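*Asks:* Pasting entry-v5.txt here (compact mmCIF, C-alpha atoms):
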# COMPACT_ATOMS: atom_id res chain seq x y z
CA MET A 5 117.32 88.62 98.40
CA SER A 6 119.24 91.79 97.72
CA GLY A 7 119.84 93.94 100.79
CA ALA A 8 119.63 90.82 102.94
CA ASN A 9 121.70 92.26 105.78
CA GLY A 10 119.52 95.36 106.14
CA PHE A 11 116.88 96.08 108.76
CA VAL A 12 113.98 94.81 106.63
CA GLY A 13 115.92 92.06 104.88
CA ARG A 14 117.04 90.41 108.09
CA HIS A 15 113.50 90.40 109.46
CA VAL A 16 112.11 88.91 106.24
CA ILE A 17 114.54 86.01 106.41
CA HIS A 18 113.67 85.39 110.05
CA LYS A 19 109.98 85.25 109.05
CA LEU A 20 110.82 82.79 106.29
CA LEU A 21 112.59 80.61 108.85
CA GLU A 22 109.51 80.66 111.08
CA GLN A 23 107.40 79.03 108.35
CA LYS A 24 108.72 75.58 109.31
CA ASP A 25 107.58 74.15 105.98
CA THR A 26 109.79 71.13 105.35
CA SER A 27 107.61 69.70 102.57
CA ASN A 28 109.67 71.46 99.89
CA GLU A 29 113.32 72.14 99.31
CA GLN A 30 114.10 75.67 100.35
CA VAL A 31 117.18 77.71 99.60
CA ILE A 32 117.63 81.28 100.75
CA ILE A 33 120.42 83.24 99.13
CA CYS A 34 121.43 86.41 100.94
CA LEU A 35 123.02 88.97 98.65
CA VAL A 36 125.25 91.44 100.47
CA ARG A 37 128.26 93.61 99.81
CA PRO A 38 131.47 91.55 99.61
CA GLU A 39 132.86 92.96 102.86
CA LYS A 40 129.74 91.74 104.71
CA ILE A 41 129.88 88.11 103.56
CA GLN A 42 131.94 86.67 106.41
CA TYR A 43 129.83 88.16 109.17
CA GLU A 44 126.54 87.32 107.47
CA ALA A 45 127.57 83.70 106.94
CA LEU A 46 128.44 83.38 110.63
CA TYR A 47 125.21 85.11 111.62
CA TRP A 48 122.89 82.83 109.65
CA CYS A 49 124.82 79.72 110.62
CA ALA A 50 124.29 80.67 114.26
CA VAL A 51 120.60 81.52 113.68
CA THR A 52 119.72 78.25 111.94
CA GLU A 53 121.64 76.27 114.56
CA GLU A 54 119.80 78.04 117.38
CA MET A 55 116.44 77.53 115.64
CA GLN A 56 117.30 73.93 114.77
CA ARG A 57 116.53 74.53 111.09
CA SER A 58 118.98 72.13 109.49
CA ASP A 59 116.41 71.53 106.72
CA LEU A 60 117.09 74.97 105.26
CA CYS A 61 120.04 76.07 103.18
CA ILE A 62 121.06 79.69 103.66
CA LYS A 63 123.85 80.83 101.41
CA VAL A 64 125.54 84.24 101.50
CA MET A 65 126.84 85.61 98.23
CA PRO A 66 128.28 88.94 97.00
CA TYR A 67 126.03 91.56 95.43
CA ASP A 68 126.78 94.56 93.29
CA MET A 69 123.70 96.58 92.33
CA LEU A 70 125.47 98.08 89.31
CA ASP A 71 127.08 95.05 87.66
CA ASP A 72 124.34 94.58 85.03
CA GLY A 73 122.83 91.77 87.07
CA LYS A 74 125.87 89.46 87.10
CA THR A 75 125.92 88.77 90.85
CA LEU A 76 122.16 88.27 90.86
CA SER A 77 122.42 85.87 87.91
CA ASP A 78 125.16 83.96 89.72
CA ALA A 79 122.92 83.68 92.77
CA LEU A 80 120.01 82.34 90.72
CA GLU A 81 122.19 79.68 89.11
CA SER A 82 123.63 78.76 92.48
CA GLY A 83 120.19 78.34 94.01
CA LEU A 84 119.03 76.10 91.20
CA GLN A 85 121.83 73.67 91.98
CA TYR A 86 120.02 72.76 95.20
CA SER A 87 116.78 71.88 93.43
CA SER A 88 116.03 68.34 92.30
CA THR A 89 112.84 69.24 90.44
CA THR A 90 112.47 70.24 86.81
CA SER A 91 108.77 71.04 87.08
CA GLU A 92 107.66 74.55 88.04
CA CYS A 93 110.45 75.18 90.51
CA PRO A 94 109.29 78.33 92.34
CA ILE A 95 111.89 81.10 92.52
CA CYS A 96 111.33 84.47 94.13
CA ILE A 97 113.62 87.48 93.96
CA TYR A 98 113.15 89.89 96.82
CA HIS A 99 114.67 93.11 95.55
CA ILE A 100 115.06 95.15 98.72
CA ALA A 101 118.43 96.87 98.24
CA SER A 102 118.58 100.59 97.52
CA VAL A 103 120.66 103.51 98.74
CA PHE A 104 118.93 105.80 101.25
CA GLY A 105 120.52 108.91 102.69
CA PRO A 106 122.65 111.87 101.64
CA THR A 107 125.52 111.23 99.21
CA SER A 108 128.00 113.41 97.34
CA ASP A 109 125.93 113.03 94.16
CA PRO A 110 122.26 112.42 95.03
CA ILE A 111 121.15 112.51 91.40
CA GLN A 112 123.53 109.72 90.41
CA THR A 113 122.56 107.77 93.52
CA ALA A 114 118.91 108.00 92.48
CA LYS A 115 119.73 106.80 88.99
CA ASP A 116 121.76 103.94 90.46
CA ASN A 117 118.73 102.83 92.48
CA VAL A 118 116.67 102.69 89.29
CA GLN A 119 119.42 100.84 87.45
CA SER A 120 119.59 98.18 90.16
CA THR A 121 115.88 97.46 89.63
CA LYS A 122 116.38 97.20 85.87
CA ASN A 123 119.23 94.77 86.48
CA ALA A 124 117.02 92.62 88.72
CA VAL A 125 114.28 92.28 86.08
CA ARG A 126 116.78 91.58 83.30
CA ALA A 127 118.56 88.94 85.37
CA LEU A 128 115.28 87.18 86.13
CA ASP A 129 114.19 87.39 82.47
CA LYS A 130 117.50 85.92 81.29
CA PHE A 131 117.33 83.14 83.86
CA TYR A 132 113.73 82.34 82.88
CA GLN A 133 114.70 82.04 79.22
CA GLN A 134 117.43 79.59 80.13
CA HIS A 135 115.28 77.59 82.57
CA SER A 136 111.71 77.70 81.26
CA TYR A 137 110.42 75.21 83.86
CA ILE A 138 110.86 77.62 86.78
CA LYS A 139 107.98 79.63 88.23
CA PRO A 140 109.47 83.11 88.72
CA ARG A 141 108.26 85.89 90.95
CA LEU A 142 109.68 89.33 91.66
CA VAL A 143 108.84 91.13 94.89
CA VAL A 144 109.97 94.74 94.68
CA THR A 145 110.35 96.63 97.92
CA SER A 146 109.21 100.04 96.78
CA SER A 147 108.17 102.78 99.19
CA MET A 148 105.41 105.11 100.25
CA ALA A 149 107.61 107.62 98.42
CA ALA A 150 106.44 105.97 95.19
CA VAL A 151 102.83 106.57 96.21
CA ARG A 152 103.06 110.26 97.01
CA ALA A 153 105.48 113.15 97.20
CA THR A 154 105.65 115.51 100.15
CA ASP A 155 102.34 117.40 100.40
CA GLN A 156 100.95 115.72 97.25
CA THR A 157 97.15 115.64 97.22
CA PRO A 158 95.58 112.13 97.08
CA LEU A 159 93.76 111.17 93.89
CA ASN A 160 90.48 110.74 95.74
CA GLY A 161 90.99 113.96 97.70
CA ASN A 162 90.91 112.16 101.05
CA TRP A 163 93.67 109.58 101.53
CA TYR A 164 96.26 107.67 99.51
CA THR A 165 95.57 104.24 98.01
CA HIS A 166 97.56 101.77 95.92
CA LYS A 167 96.28 103.65 92.87
CA ASP A 168 98.21 106.80 93.81
CA TRP A 169 101.61 107.53 92.28
CA ASN A 170 104.23 110.12 93.16
CA THR A 171 104.11 112.59 90.27
CA LEU A 172 105.90 115.53 91.90
CA SER A 173 109.34 114.48 93.15
CA GLN A 174 112.19 115.50 90.89
CA LEU A 175 115.94 115.10 90.63
CA ASN A 176 117.54 117.98 92.49
CA LYS A 177 121.21 117.97 93.47
CA GLU A 178 120.39 120.20 96.44
CA ASN A 179 117.73 117.86 97.82
CA TRP A 180 118.70 114.23 98.35
CA GLY A 181 115.26 113.44 99.79
CA SER A 182 113.51 114.46 96.58
CA CYS A 183 116.05 112.43 94.59
CA TYR A 184 115.37 109.38 96.73
CA GLN A 185 111.60 109.76 96.39
CA TRP A 186 111.97 110.08 92.61
CA SER A 187 114.15 106.97 92.52
CA LYS A 188 111.59 104.82 94.37
CA ALA A 189 108.73 105.92 92.12
CA GLU A 190 110.79 105.50 88.96
CA SER A 191 112.20 102.13 90.06
CA GLU A 192 108.74 100.72 90.65
CA ARG A 193 107.35 102.12 87.39
CA VAL A 194 110.27 100.63 85.48
CA ALA A 195 109.79 97.25 87.13
CA TRP A 196 106.10 97.09 86.20
CA GLU A 197 106.84 98.17 82.63
CA MET A 198 109.70 95.73 82.12
CA VAL A 199 107.81 92.77 83.59
CA LYS A 200 104.84 93.57 81.35
CA GLU A 201 107.13 93.70 78.30
CA CYS A 202 108.69 90.37 79.25
CA ASN A 203 105.31 88.69 79.65
CA GLU A 204 104.07 90.06 76.32
CA ARG A 205 107.19 88.72 74.64
CA TYR A 206 106.72 85.29 76.21
CA ALA A 207 103.13 85.22 74.93
CA LYS A 208 104.23 85.96 71.38
CA GLU A 209 106.90 83.26 71.53
CA GLU A 210 104.44 80.54 72.51
CA ASP A 211 102.06 78.86 70.07
CA ASP A 212 100.35 76.55 72.51
CA ALA A 213 97.81 78.54 74.55
CA SER A 214 98.12 76.19 77.53
CA ILE A 215 101.86 76.76 77.61
CA MET A 216 101.44 80.48 77.07
CA LYS A 217 99.53 80.84 80.31
CA LYS A 218 102.41 79.33 82.26
CA ARG A 219 105.05 81.63 80.78
CA LYS A 220 104.84 84.63 83.07
CA ILE A 221 106.88 86.55 85.61
CA GLU A 222 104.65 87.31 88.56
CA MET A 223 105.31 90.58 90.34
CA VAL A 224 104.25 92.17 93.62
CA ALA A 225 105.23 95.67 94.73
CA LEU A 226 105.32 96.55 98.41
CA ASN A 227 105.20 100.18 99.49
CA PRO A 228 106.17 100.57 103.15
CA SER A 229 105.90 103.87 104.93
CA PHE A 230 108.57 104.64 107.54
CA VAL A 231 109.63 101.32 109.09
CA PHE A 232 110.18 101.10 112.84
CA GLY A 233 110.45 98.16 115.20
CA PRO A 234 112.87 96.08 117.24
CA PRO A 235 116.24 95.25 115.67
CA PRO A 236 116.65 91.76 114.18
CA PRO A 237 117.36 89.20 116.91
CA LEU A 238 120.96 88.28 117.61
CA PRO A 239 121.81 84.62 118.26
CA ILE A 240 123.65 83.99 121.51
CA LYS A 241 126.88 83.21 119.68
CA MET A 242 126.86 86.64 118.02
CA LYS A 243 126.21 88.83 121.06
CA ASP A 244 129.78 90.08 121.15
CA THR A 245 129.81 91.02 117.46
CA LYS A 246 126.58 93.03 117.23
CA SER A 247 128.41 96.13 116.00
CA ALA A 248 128.86 94.37 112.67
CA GLY A 249 125.16 93.64 112.34
CA SER A 250 122.45 95.35 110.34
CA SER A 251 121.92 99.08 110.60
CA SER A 252 118.94 101.28 109.89
CA TYR A 253 118.13 104.96 109.88
CA SER A 254 115.07 104.20 111.99
CA LEU A 255 117.25 102.57 114.67
CA THR A 256 119.52 105.62 114.65
CA LEU A 257 116.53 107.96 114.85
CA ILE A 258 114.97 106.20 117.83
CA LYS A 259 118.29 106.28 119.68
CA GLN A 260 118.45 110.05 119.07
CA TRP A 261 114.91 110.46 120.39
CA LEU A 262 115.67 108.42 123.51
CA LYS A 263 118.81 110.43 124.24
CA GLY A 264 117.08 113.74 123.62
CA GLU A 265 119.43 114.53 120.73
CA SER A 266 116.45 115.33 118.48
CA THR A 267 112.73 115.86 119.04
CA VAL A 268 110.28 113.00 118.63
CA GLN A 269 108.43 113.35 115.33
CA SER A 270 105.06 112.16 114.08
CA ARG A 271 105.59 109.67 111.25
CA LEU A 272 103.31 107.56 109.11
CA CYS A 273 104.86 104.19 109.84
CA GLY A 274 104.59 100.44 110.11
CA ASP A 275 106.20 97.75 112.22
CA VAL A 276 109.14 95.93 110.63
CA ARG A 277 107.76 92.59 111.85
CA ASP A 278 104.53 93.19 109.94
CA VAL A 279 106.45 94.49 106.93
CA ALA A 280 108.42 91.24 106.99
CA SER A 281 105.23 89.16 107.18
CA ALA A 282 103.89 91.01 104.14
CA HIS A 283 107.09 90.22 102.23
CA VAL A 284 106.81 86.51 103.01
CA ALA A 285 103.16 86.48 101.93
CA ALA A 286 103.95 88.42 98.75
CA GLY A 287 106.53 85.83 97.81
CA THR A 288 104.36 82.79 98.50
CA ILE A 289 100.65 83.57 97.95
CA ASP A 290 98.74 82.17 94.99
CA ILE A 291 98.40 85.31 92.89
CA THR A 292 95.88 83.69 90.54
CA SER A 293 93.39 83.48 93.40
CA LEU A 294 93.32 87.24 93.84
CA SER A 295 90.92 89.60 92.08
CA GLY A 296 91.97 92.52 89.90
CA ASP A 297 94.68 92.84 87.29
CA ASP A 298 98.44 92.56 87.69
CA THR A 299 98.93 96.17 88.72
CA ASP A 300 96.63 95.61 91.70
CA ARG A 301 99.47 93.57 93.23
CA ARG A 302 100.68 96.78 94.86
CA TYR A 303 100.34 97.09 98.61
CA ILE A 304 100.90 99.98 100.99
CA LEU A 305 102.55 98.59 104.13
CA SER A 306 101.57 100.88 106.96
CA THR A 307 99.14 101.78 109.67
CA GLU A 308 96.51 104.14 108.31
CA GLU A 309 97.04 107.25 110.47
CA ARG A 310 99.95 109.13 111.97
CA LEU A 311 100.28 108.94 115.74
CA SER A 312 101.04 112.27 117.40
CA SER A 313 104.59 112.92 118.56
CA GLU A 314 103.33 113.14 122.14
CA ASN A 315 101.81 109.64 121.98
CA ILE A 316 104.95 108.26 120.35
CA ALA A 317 107.04 109.76 123.15
CA GLN A 318 104.80 108.18 125.78
CA ALA A 319 105.15 104.78 124.10
CA LEU A 320 108.94 105.14 124.07
CA ILE A 321 108.91 106.03 127.77
CA ARG A 322 106.86 102.90 128.51
CA GLY A 323 109.48 100.89 126.64
CA VAL A 324 112.23 102.44 128.74
CA GLU A 325 110.33 101.60 131.92
CA GLN A 326 109.67 98.01 130.83
CA ALA A 327 113.30 97.44 129.85
CA GLY A 328 114.24 97.37 133.52
CA GLY A 329 117.81 97.25 134.75
CA SER A 330 120.07 100.25 134.77
CA ASN A 331 120.32 102.52 131.76
CA SER A 332 121.41 106.06 131.08
CA ILE A 333 118.13 107.24 129.56
CA ASP A 334 116.80 110.41 131.16
CA ILE A 335 113.15 110.42 130.10
CA SER A 336 112.87 114.11 130.92
CA LYS A 337 115.05 114.78 127.87
CA ILE A 338 112.59 113.09 125.50
CA THR A 339 110.85 116.03 123.84
CA CYS A 340 108.33 116.35 121.02
CA ASP A 341 108.01 118.28 117.78
CA THR A 342 104.59 119.87 118.22
CA ASN A 343 104.84 122.23 115.23
CA PHE A 344 104.34 119.69 112.44
CA SER A 345 100.65 119.22 111.65
CA GLY A 346 100.92 116.35 109.18
CA GLY A 347 101.35 117.97 105.77
CA ALA A 348 98.63 117.29 103.19
CA ILE A 349 96.68 115.21 105.73
CA GLU A 350 96.34 116.18 109.39
CA ILE A 351 97.89 114.02 112.11
CA GLY A 352 95.26 111.58 113.36
CA ASP A 353 93.23 111.62 110.15
CA ARG A 354 93.23 108.62 107.85
CA GLU A 355 96.23 109.00 105.57
CA VAL A 356 96.25 105.73 103.63
CA GLU A 357 93.85 102.98 102.67
CA ALA A 358 95.73 99.76 103.36
CA SER A 359 94.37 97.57 106.15
CA ASP A 360 91.53 95.77 104.36
CA ARG A 361 93.60 94.79 101.31
CA LEU A 362 96.56 93.70 103.46
CA ASN A 363 94.36 91.50 105.59
CA HIS A 364 92.30 90.07 102.70
CA ASP A 365 95.11 89.43 100.21
CA LEU A 366 98.21 88.91 102.36
CA GLY A 367 96.71 87.95 105.71
CA VAL A 368 98.67 90.71 107.46
CA VAL A 369 97.36 93.04 110.17
CA PHE A 370 99.63 95.88 111.27
CA ARG A 371 99.98 96.31 115.01
CA PRO A 372 99.40 99.69 116.71
CA VAL A 373 102.25 102.21 116.52
CA GLU A 374 102.32 102.45 120.34
CA GLU A 375 103.25 98.76 120.51
CA THR A 376 105.95 99.18 117.87
CA MET A 377 107.58 102.12 119.65
CA ARG A 378 107.40 100.50 123.06
CA ASP A 379 108.92 97.25 121.82
CA MET A 380 111.63 99.09 119.88
CA ALA A 381 112.78 101.15 122.86
CA LYS A 382 112.65 98.12 125.14
CA ALA A 383 114.64 95.93 122.75
CA LEU A 384 117.33 98.55 122.15
CA LEU A 385 117.83 99.08 125.86
CA GLN A 386 117.85 95.38 126.70
CA GLU A 387 120.43 94.75 123.97
CA ASP A 388 122.37 97.71 125.37
CA SER A 389 122.60 99.16 121.84
CA TYR A 390 121.20 102.63 122.39
Mind turning this structure into structure tokens?

*Replies:*
Amino acid sequence: MSGANGFVGRHVIHKLLEQKDTSNEQVIICLVRPEKIQYEALYWCAVTEEMQRSDLCIKVMPYDMLDDGKTLSDALESGLQYSSTTSECPICIYHIASVFGPTSDPIQTAKDNVQSTKNAVRALDKFYQQHSYIKPRLVVTSSMAAVRATDQTPLNGNWYTHKDWNTLSQLNKENWGSCYQWSKAESERVAWEMVKECNERYAKEEDDASIMKKRKIEMVALNPSFVFGPPPPLPIKMKDTKSAGSSSYSLTLIKQWLKGESTVQSRLCGDVRDVASAHVAAGTIDITSLSGDDTDRRYILSTEERLSSENIAQALIRGVEQAGGSNSIDISKITCDTNFSGGAIEIGDREVEASDRLNHDLGVVFRPVEETMRDMAKALLQEDSY
């Protein structure tokens, strides 16, 4: 998993640990920046000890998104060392890492995000050629930004579906947000194209039709909207070192809203716990049992409507009240942005079509936004990290 120490990555690994499936050998390799290795190793050692999951091997290794896939290839080879089977050993790459936020060169940052996805596919392709008995899968954490650009009209004229693609965002050195949106759409497109090319090449290389069917990289793309939710849990041993833990723009944003440093905004969003569940399902479901073609393995991870800023603020206030104890939050300072109407689709109207497919294919139901906001505020205050 690239980006394993991030907000989403941490939650995905915790969900994997909750599976409690000891029937198969399981190895989780967390790919993080070199300077994060020591802390992450201590963190996951403490987590598995607290959860009494001695059956699982969690290894932390360095990751460089621009090294032509070398660190990812090293991780794949390392993981294989723990496997005793030579028959369809399932391997899943969760490619979550990408750079989000303003940088000195947003165009280059966007191109780097795309390059990291290319490196992931190439590394998996190379590994598959060297170890033909594995059963490879790539789960790409894309974004709602790959589905639509700001104010882009849905294909069906009503709401966005997994068939929609962002066709408007462009590289613009004056607009890092547009660059980021372009990078997510381009990264996902590139992944689908490269995986298709790999699978076509495998088919041509095989003479035996029965073998040909087995030679395939499976791919699932996940397109979360804005991700909110409680921070990843800290094991008791790590309570004094939380400042070195995962960070997230959404955590920063909620803290600003609670302190009254910025107005509460209406966002199309989903709970990180449900996003994590979708990742686990995407990496483990039997894809052959699903209807549709390969490109239907694209899922919007989100609730279907925006909640108003006023309702979000009320949910945050309930979280503050439920946190108990003493805190410095003055709820009278929590204010709302009432000017934004929702863009191409009005606040409160259905914005995406996601729930039925998520439930049917992945077995995931997204919880209400009110619950997400309440739990997030409560958790931040109880961890004293606001």

*Asks:* Taking only C-alpha atoms into account, name the residue in A:Val284, A:Ser136, A:Ser229, A:Arg361 that is nearest to Cys93 in chain A.

*Replies:*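 Selected residue with least distance to Cys93 in chain A: A:Ser136.
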
*Asks:* Between CA of Arg37 in chain A and CA of Leu70 in chain A, what is the spacing in Å?

*Replies:*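 Atom-to-atom, CA of Leu70 in chain A to CA of Arg37 in chain A, that is 11.7 Å.
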
*Asks:* For Phe344 in chain A, list every protein, DNA or RNA residue within 10 Å, evaluated using all atoms listed in the file, and leave out those in the same chain fewer than 6 positions away; present the list as a list in words.

*Replies:* Gln269, Ser270, Ser312, Ser313, Glu350 and Ile351 of chain A

*Asks:* Using the selection just defined, write its residues with C-alpha atoms as a compact mmCIF listing (two decimals), in the coordinates of the input.

*Replies:*
# COMPACT_ATOMS: atom_id res chain seq x y z
CA GLN A 269 108.43 113.35 115.33
CA SER A 270 105.06 112.16 114.08
CA SER A 312 101.04 112.27 117.40
CA SER A 313 104.59 112.92 118.56
CA GLU A 350 96.34 116.18 109.39
CA ILE A 351 97.89 114.02 112.11

*Asks:* Can you list, as a list in words, every protein, DNA or RNA residue that comes within 10 Å of Ser336 in chain A when you count all atoms listed in the file, leaving out same-chain residues fewer than 2 positions away?

*Replies:*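 Result of the neighbour search: Leu262, Lys263, Gly264, Ile321, Ile333, Asp334, Ile338 and Thr339 of chain A.
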
*Asks:* Which residues are near range 141-154 of chain A? Cut-off 7 Å, only C-alpha atoms, ignore same chain within fewer than 3 positions. Put them as a ChimeraX atom specification.

*Replies:* /A:95-100,168-170,172-173,185,188-189,192,221-229,286-287,304

*Asks:* Could those selected residues go to a file with C-alpha atoms, as a CSV table (one decimal), in the frame of the given file?

*Replies:*
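Wrote it out as result_31.csv, contents follow:
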chain,number,residue,atom,x,y,z
A,95,ILE,CA,111.9,81.1,92.5
A,96,CYS,CA,111.3,84.5,94.1
A,97,ILE,CA,113.6,87.5,94.0
A,98,TYR,CA,113.2,89.9,96.8
A,99,HIS,CA,114.7,93.1,95.6
A,100,ILE,CA,115.1,95.2,98.7
A,168,ASP,CA,98.2,106.8,93.8
A,169,TRP,CA,101.6,107.5,92.3
A,170,ASN,CA,104.2,110.1,93.2
A,172,LEU,CA,105.9,115.5,91.9
A,173,SER,CA,109.3,114.5,93.2
A,185,GLN,CA,111.6,109.8,96.4
A,188,LYS,CA,111.6,104.8,94.4
A,189,ALA,CA,108.7,105.9,92.1
A,192,GLU,CA,108.7,100.7,90.6
A,221,ILE,CA,106.9,86.6,85.6
A,222,GLU,CA,104.6,87.3,88.6
A,223,MET,CA,105.3,90.6,90.3
A,224,VAL,CA,104.2,92.2,93.6
A,225,ALA,CA,105.2,95.7,94.7
A,226,LEU,CA,105.3,96.6,98.4
A,227,ASN,CA,105.2,100.2,99.5
A,228,PRO,CA,106.2,100.6,103.2
A,229,SER,CA,105.9,103.9,104.9
A,286,ALA,CA,104.0,88.4,98.8
A,287,GLY,CA,106.5,85.8,97.8
A,304,ILE,CA,100.9,100.0,101.0

*Asks:* So which one's closest to Phe131 in chain A, A:Val368, A:Val118, A:Cys61, A:Leu80? Using all atoms listed in the file, please.

*Replies:* A:Leu80

*Asks:* Please determine, counting all atoms listed in the file, which residue among A:Thr376, A:Gln23, A:Gln174, A:Ser295 has the shortest atom-to-atom distance to Asp59 in chain A.

*Replies:* A:Gln23

*Asks:* Residues at most 9 Å from Met65 in chain A, counting only C-alpha atoms, excluding those fewer than 3 positions away in the same chain, as an mmCIF file with C-alpha atoms, in the coordinates of the input?

*Replies:*
data_model
loop_
_atom_site.group_PDB
_atom_site.id
_atom_site.type_symbol
_atom_site.label_atom_id
_atom_site.label_comp_id
_atom_site.auth_asym_id
_atom_site.auth_seq_id
_atom_site.Cartn_x
_atom_site.Cartn_y
_atom_site.Cartn_z
ATOM 1 C CA ILE A 33 120.420 83.240 99.130
ATOM 2 C CA CYS A 34 121.430 86.410 100.940
ATOM 3 C CA LEU A 35 123.020 88.970 98.650
ATOM 4 C CA VAL A 36 125.250 91.440 100.470
ATOM 5 C CA ARG A 37 128.260 93.610 99.810
ATOM 6 C CA PRO A 38 131.470 91.550 99.610
ATOM 7 C CA ILE A 41 129.880 88.110 103.560
ATOM 8 C CA ALA A 45 127.570 83.700 106.940
ATOM 9 C CA THR A 75 125.920 88.770 90.850
ATOM 10 C CA ASP A 78 125.160 83.960 89.720
ATOM 11 C CA ALA A 79 122.920 83.680 92.770
#

*Asks:* Counting all atoms listed in the file, which residue out of A:Trp180, A:Gly161, A:Glu81, A:Met69 sits closest to Ile111 in chain A?

*Replies:*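 Once distances to Ile111 in chain A are computed over all atoms listed in the file, the minimum belongs to A:Trp180.
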
*Asks:* Using CA of Ile258 in chain A and CA of Val103 in chain A as the two end points, give the distance in Å to one decimal.

*Replies:*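 Separating CA of Ile258 in chain A from CA of Val103 in chain A is a distance of 20.1 Å.
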
*Asks:* If you count only C-alpha atoms, which residues fall within 9 Å of Val279 in chain A, apart from same-chain ones fewer than 4 positions away, as a PDB file with C-alpha atoms, keeping the file's coordinate frame?

*Replies:*
ATOM      1  CA  VAL A  12     113.980  94.810 106.630  1.00  0.00           C
ATOM      2  CA  HIS A  15     113.500  90.400 109.460  1.00  0.00           C
ATOM      3  CA  VAL A  16     112.110  88.910 106.240  1.00  0.00           C
ATOM      4  CA  LEU A 226     105.320  96.550  98.410  1.00  0.00           C
ATOM      5  CA  PRO A 228     106.170 100.570 103.150  1.00  0.00           C
ATOM      6  CA  VAL A 231     109.630 101.320 109.090  1.00  0.00           C
ATOM      7  CA  GLY A 274     104.590 100.440 110.110  1.00  0.00           C
ATOM      8  CA  ASP A 275     106.200  97.750 112.220  1.00  0.00           C
ATOM      9  CA  HIS A 283     107.090  90.220 102.230  1.00  0.00           C
ATOM     10  CA  VAL A 284     106.810  86.510 103.010  1.00  0.00           C
ATOM     11  CA  LEU A 305     102.550  98.590 104.130  1.00  0.00           C
ATOM     12  CA  SER A 306     101.570 100.880 106.960  1.00  0.00           C
ATOM     13  CA  VAL A 368      98.670  90.710 107.460  1.00  0.00           C
ATOM     14  CA  PHE A 370      99.630  95.880 111.270  1.00  0.00           C
TER      15      PHE A 370
END

*Asks:* Between A:Thr288, A:Asn176, A:Thr121, A:Thr342, which has the minimum distance to Trp196 in chain A (counting all atoms listed in the file)?

*Replies:*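 Comparing A:Thr288, A:Asn176, A:Thr121, A:Thr342 against Trp196 in chain A, the winner is A:Thr121.
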
*Asks:* Determine the nearest neighbour of Ser191 in chain A from the options A:Thr267, A:Ser102, A:Gln112, A:Asn179, counting only C-alpha atoms.

*Replies:*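 When distances to Ser191 in chain A are compared using only C-alpha atoms, the smallest one comes from A:Ser102.
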
*Asks:* Could you state the separation of CA of Pro110 in chain A and CA of Asp155 in chain A in Å, given to one decimal place?

*Replies:*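 These atoms are spaced 21.2 Å apart.
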
*Asks:* How big is the axis-aligned box, and where does its centre sit, when it encloses all atoms of range 369-383 of chain A listed in the file and has 6 Å added on every side, reported in Å to one decimal as JSON?

*Replies:*
{"center_x": 106.0, "center_y": 97.7, "center_z": 117.7, "size_x": 29.3, "size_y": 21.4, "size_z": 27.0}

*Asks:* Tell me which residues come within 8 Å of (115.8, 93.4, 109.8), as a list in words, counting all atoms listed in the file in the file's coordinates.

*Replies:*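 Neighbouring residues, ordered by chain and number, come to Asn9, Gly10, Phe11, Val12, Gly13, Arg14, His15, Val16, Pro235, Pro236, Ser250 and Val276 of chain A.
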